[in-house]
Each structure stands twice: as C-alpha cells, then as structure tokens.
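Visitor: Structure in structure tokens, see below.
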Amino acid sequence: MAREDIFQVRHRSIPALSEGNADRSIMNKMGAQITVSLPLQLLLSGFCFHMQTGTEDAPITTNGPLDDTKPVIVADCTSAAMMPLLFQVALSAQSTSTLIAAMLEADMDKARYSSGGTVYVPEQMNKAATSASAASGTFYTIESSDIVAAAKTAVPASVELSRVTLSEDAIGDPGVGQLGGLAPVFSIAAQTPVILTNPGSLCGHFGSATADVTGYGALEFAQFPADLAW
C-alpha cells in the first residue's frame with residue numbers, strides 16, 4: 001500500500017512552490033503541526049542575521065546629518081534575497097546638536113558600499129541551525145572609520161522604509177528621559193518590509209544636523225533563497 005504522508009519536516013529544504021501547486025504540510029522537528037509567523041520560521045530555518053555598531057561603553061560617533069552616502073551600517077545583498085527585520089538606534093549623549101534623526105533605507109537596484117568603515121561578519125541568530133549558511137554579501141559598520149556609500153538609486157527604487165526624529169533640542173543626558181528607551185526605527189512587526197535581490201542594499205542612517213552624536217545601532221535581516229520569495 002502506498003504511503004500517503006500529509007506532513008513533512010522542513011527547515012532549510014523549504015520547497016519553492018509555484019502558483020497553484022500543492023505539497024505536504026510542514027511540521028516541526030518536535031512532530032507538531034504548528035503555524036508560526038514568517039519571521040519566526042525564518043529564524044528556525046537559520047536565515048536570520050544580526051549586525052551592530054557600538055558596543056558596551058564604546059558608542060560610535062555619527063558622521064554629520066543624514067545623507068545617502070553616510071550610513072552607520074550597510075548590508076549589501078550579493079546573492080539570494082534579503083529582507084529587513086529590525087533597525088534600532090540608541091543615543092549616548094549629545095549637548096550641542098539639534099534635529100537628531102535615524103532612518104532605514106532599502107536600495108532596490110544597487111549595492112551601496114563604496115569604502116571606509118569596518119568589515120562586519122553578521123551573526124547567525126539560530127546557533128542550533130548547524131546546516132545554516134553564513135550571510136552572503138558585503139557588510140560594514142562605522143566602528144573604526146566613517147562609511148562612504150555610493151549615491152542612492154533615484155526614488156522610487158530607493159525606499160525610505162521608516163524614519164524617526166529623536167530630538168530637535170540639545171540633550172545633555174538622553175538616558176534619563178524618553179530617549180533612554182527608544183522604539184525601533186524599523187520593525188517588521190510594525191512596518192511592511194521589502195525583499196531585495198542581487199544587487200540591493202540596506203543602509204541604516206543615524207545622525208544630526210550639526211554636531212555628531214554618539215550612540216549605538218543594530219540591524220537584523222533575513223537572507224534566504226530567492227526562489228522562496230516569489
């Protein structure tokens with residue numbers, strides 16, 4: 001008698017089904033058929049990665065006002081597909097600046113890194129996913145020197161996913177006020193993401209209209225086979 005299995009365990013071997021095709025339902029390795037959010041499934045599949053700039057008591061110093069050529073984090077997609085999950089920043093201290101802002105930009109047509117900055121190896125966020133591959137692309141932070149990025153692709157191919165204005169006033173100690181616990185600049189839980197293919201770029205911007213600010217930044221993204229995106 002032929003087997004008629006209706007479930008199959010899949011984490012990395014997710015089938016790229018075309019329109020109207022059928023396949024067996026996916027169950028987890030614990031034998032349970034569950035429905036999970038897309039970000040959680042990407043994490044379980046070993047497709048999620050983390051980057052950060054500034055650490056512990058060593059914040060970064062930003063590079064002037066927001067500008068397409070001055071990101072604090074840049075992640076260029078050179079293969080597969082890339083989707084942003086989170087971008088957040090935190091202020092350390094600044095007493096002379098005004099109009100402190102942050103923004104996550106996705107360039108749909110171009111890999112943006114040009115020069116400068118510090119090479120960053122994105123951390124695989126599922127350490128149990130032993131078969132998961134490393135992130136594929138070009139990844140830099142502003143850790144040791146300013147990043148120089150290529151000029152952005154013209155709008156609408158350069159997408160400003162989310163922007164926050166952190167302050168329009170001088171702040172001597174932001175940690176004691178509302179800016180001590182900032183909401184994310186971008187979160188897939190609140191905003192619609194984009195899916196980049198090769199080439200494409202995520203640029204995390206953080207800066208001020210006058211004097212540089214000091215602070216921290218973090219970018220999380222998913223990278224997965226392009227045939228799973230469509």
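Labeling convention for the structure tokens: chains A, B, ... as they appear, residues from 1 per chain, ligands from 1 in order of appearance.
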So that I can see what lies close to Thr192 in chain A, please list as a VMD selection string the residues with an atom at most 10 Å from it, counting only C-alpha atoms and leaving out residues fewer than 3 positions away in the same chain.
Guide: chain A and resid 84 to 85 161 to 162 186 to 189
Visitor: With DSSP run on the backbone, what are the strand (DSSP E or B) residues within range 11-225 of chain A? I'd like them as JSON, numbers by chain.
Guide: {"A": [25, 26, 27, 48, 49, 50, 51, 52, 53, 55, 58, 60, 61, 73, 74, 75, 76, 77, 81, 82, 83, 84, 85, 86, 87, 88, 89, 90, 91, 92, 93, 94, 100, 101, 102, 103, 104, 105, 106, 107, 113, 114, 115, 116, 118, 119, 123, 124, 137, 138, 139, 140, 141, 147, 148, 149, 158, 159, 160, 161, 162, 163, 164, 165, 166, 167, 171, 186, 187, 196, 197, 200, 201, 202, 203, 204, 205, 206, 207, 208, 214, 215, 216, 217, 218, 219, 220, 221, 222, 223, 224]}
Visitor: When you look at range 39-47 of chain A with a cut-off of 8 Å (counting only C-alpha atoms), what residues show up, excluding the ones that are within fewer than 3 positions of it in the same chain? I need them as a VMD selection string.
Guide: chain A and resid 11 to 12 36 85 124 to 127 129 131 to 133 222 to 224
Visitor: Could you take the residues named above and write them with C-alpha atoms, as a PDB file, in the first residue's frame?
Guide:
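As written to disk, out-v9.pdb reads:
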```pdb
ATOM      1  CA  HIS A  11      13.535  23.775   7.907  1.00  0.00           C
ATOM      2  CA  ARG A  12      16.180  24.500   5.271  1.00  0.00           C
ATOM      3  CA  VAL A  36       4.308  30.328  13.070  1.00  0.00           C
ATOM      4  CA  LEU A  85      13.633  42.645  10.210  1.00  0.00           C
ATOM      5  CA  GLN A 124      23.715  33.736  12.586  1.00  0.00           C
ATOM      6  CA  MET A 125      20.810  34.150  15.021  1.00  0.00           C
ATOM      7  CA  ASN A 126      19.993  30.431  15.251  1.00  0.00           C
ATOM      8  CA  LYS A 127      23.087  28.727  16.621  1.00  0.00           C
ATOM      9  CA  ALA A 129      20.898  25.529  12.883  1.00  0.00           C
ATOM     10  CA  SER A 131      23.427  23.441   8.461  1.00  0.00           C
ATOM     11  CA  ALA A 132      22.642  27.139   8.098  1.00  0.00           C
ATOM     12  CA  SER A 133      24.908  29.108   5.807  1.00  0.00           C
ATOM     13  CA  ALA A 222      16.802  37.640   6.869  1.00  0.00           C
ATOM     14  CA  GLN A 223      18.592  36.188   3.856  1.00  0.00           C
ATOM     15  CA  PHE A 224      17.087  33.203   2.054  1.00  0.00           C
TER      16      PHE A 224
END
```
Visitor: Please measure the separation of CA of Asp57 in chain A and CA of Ser144 in chain A, giving the value in Å to one decimal.
Guide: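 These atoms are spaced 14.9 Å apart.
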Visitor: With only C-alpha atoms as the counted atoms, please give the residues lying no more than 12 Å from Pro225 in chain A, apart from itself and same-chain residues fewer than 2 positions off, as a ChimeraX atom specification.
Guide: /A:12-16,42,45-47,77-83,132-133,135-136,195-198,222-223,227-230
Visitor: Using C-alpha atoms, can you write the selected residues to a file as a PDB file, in the first residue's frame?
Guide:
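Full text of result08.pdb as output:
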```
ATOM      1  CA  ARG A  12      16.180  24.500   5.271  1.00  0.00           C
ATOM      2  CA  SER A  13      14.616  22.426   2.483  1.00  0.00           C
ATOM      3  CA  ILE A  14      11.513  24.556   2.121  1.00  0.00           C
ATOM      4  CA  PRO A  15      10.013  23.895  -1.334  1.00  0.00           C
ATOM      5  CA  ALA A  16       9.662  26.806  -3.737  1.00  0.00           C
ATOM      6  CA  LEU A  42      12.980  32.351   9.010  1.00  0.00           C
ATOM      7  CA  SER A  45      15.370  27.895   9.237  1.00  0.00           C
ATOM      8  CA  GLY A  46      18.656  29.625  10.058  1.00  0.00           C
ATOM      9  CA  PHE A  47      18.030  32.559   7.726  1.00  0.00           C
ATOM     10  CA  CYS A  77      22.966  41.722  -0.920  1.00  0.00           C
ATOM     11  CA  THR A  78      25.136  39.925  -3.478  1.00  0.00           C
ATOM     12  CA  SER A  79      23.160  36.684  -3.732  1.00  0.00           C
ATOM     13  CA  ALA A  80      19.841  35.186  -2.631  1.00  0.00           C
ATOM     14  CA  ALA A  81      17.170  37.515  -1.239  1.00  0.00           C
ATOM     15  CA  MET A  82      17.389  39.854   1.748  1.00  0.00           C
ATOM     16  CA  MET A  83      14.602  41.250   3.934  1.00  0.00           C
ATOM     17  CA  ALA A 132      22.642  27.139   8.098  1.00  0.00           C
ATOM     18  CA  SER A 133      24.908  29.108   5.807  1.00  0.00           C
ATOM     19  CA  ALA A 135      25.335  35.660   5.340  1.00  0.00           C
ATOM     20  CA  SER A 136      26.307  36.330   1.733  1.00  0.00           C
ATOM     21  CA  ILE A 195      12.641  41.945  -0.383  1.00  0.00           C
ATOM     22  CA  LEU A 196      15.949  42.751  -2.052  1.00  0.00           C
ATOM     23  CA  THR A 197      17.742  40.595  -4.585  1.00  0.00           C
ATOM     24  CA  ASN A 198      21.221  40.887  -6.092  1.00  0.00           C
ATOM     25  CA  ALA A 222      16.802  37.640   6.869  1.00  0.00           C
ATOM     26  CA  GLN A 223      18.592  36.188   3.856  1.00  0.00           C
ATOM     27  CA  ASP A 227      13.044  31.306  -5.256  1.00  0.00           C
ATOM     28  CA  LEU A 228      11.251  31.310  -1.901  1.00  0.00           C
ATOM     29  CA  ALA A 229      10.344  34.976  -2.291  1.00  0.00           C
ATOM     30  CA  TRP A 230       8.035  34.588  -5.292  1.00  0.00           C
TER      31      TRP A 230
END
```
Visitor: Restricting the calculation to only C-alpha atoms: of A:Gln52, A:Ser201, A:Thr62, A:Gln8, which residue gets closest to Met30 in chain A?
Guide: A:Gln8
Visitor: Would you give me, as a ChimeraX atom specification, the residues in range 19-209 of chain A that DSSP reads as helix (DSSP H, G or I)?
Guide: /A:38-44,174-176,178-180
Visitor: Those selected residues, please, written with N, CA and C atoms and delivered as an mmCIF file, in the first residue's frame.
Guide:
```
data_model
loop_
_atom_site.group_PDB
_atom_site.id
_atom_site.type_symbol
_atom_site.label_atom_id
_atom_site.label_comp_id
_atom_site.auth_asym_id
_atom_site.auth_seq_id
_atom_site.Cartn_x
_atom_site.Cartn_y
_atom_site.Cartn_z
ATOM 1 N N LEU A 38 6.054 34.456 9.896
ATOM 2 C CA LEU A 38 7.132 34.351 8.918
ATOM 3 C C LEU A 38 8.495 34.658 9.529
ATOM 4 N N PRO A 39 8.660 35.724 10.329
ATOM 5 C CA PRO A 39 9.983 35.965 10.933
ATOM 6 C C PRO A 39 10.458 34.805 11.796
ATOM 7 N N LEU A 40 9.549 34.173 12.568
ATOM 8 C CA LEU A 40 9.961 33.048 13.397
ATOM 9 C C LEU A 40 10.370 31.866 12.543
ATOM 10 N N GLN A 41 9.665 31.597 11.444
ATOM 11 C CA GLN A 41 10.056 30.491 10.567
ATOM 12 C C GLN A 41 11.413 30.764 9.939
ATOM 13 N N LEU A 42 11.668 32.008 9.561
ATOM 14 C CA LEU A 42 12.980 32.351 9.010
ATOM 15 C C LEU A 42 14.082 32.122 10.041
ATOM 16 N N LEU A 43 13.793 32.438 11.305
ATOM 17 C CA LEU A 43 14.760 32.186 12.367
ATOM 18 C C LEU A 43 15.002 30.699 12.536
ATOM 19 N N LEU A 44 13.929 29.899 12.602
ATOM 20 C CA LEU A 44 14.068 28.451 12.761
ATOM 21 C C LEU A 44 14.828 27.831 11.596
ATOM 22 N N PRO A 174 20.586 61.945 27.520
ATOM 23 C CA PRO A 174 19.356 61.360 26.979
ATOM 24 C C PRO A 174 18.899 60.119 27.710
ATOM 25 N N GLY A 175 19.785 59.475 28.461
ATOM 26 C CA GLY A 175 19.425 58.233 29.133
ATOM 27 C C GLY A 175 18.402 58.402 30.237
ATOM 28 N N VAL A 176 18.211 59.649 30.747
ATOM 29 C CA VAL A 176 17.286 59.833 31.860
ATOM 30 C C VAL A 176 15.881 60.184 31.392
ATOM 31 N N GLN A 178 12.861 60.191 27.841
ATOM 32 C CA GLN A 178 12.175 59.272 26.947
ATOM 33 C C GLN A 178 13.112 58.649 25.928
ATOM 34 N N LEU A 179 14.222 59.336 25.597
ATOM 35 C CA LEU A 179 15.139 58.794 24.597
ATOM 36 C C LEU A 179 16.025 57.686 25.163
ATOM 37 N N GLY A 180 15.904 57.402 26.452
ATOM 38 C CA GLY A 180 16.681 56.313 27.026
ATOM 39 C C GLY A 180 16.165 54.950 26.613
#
```
Visitor: If you measure from CA of Phe139 in chain A to CA of Val119 in chain A, what distance in Å do you get, rounded to one decimal?
Guide: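 Answer for the CA of Phe139 in chain A to CA of Val119 in chain A separation: 6.0 Å.
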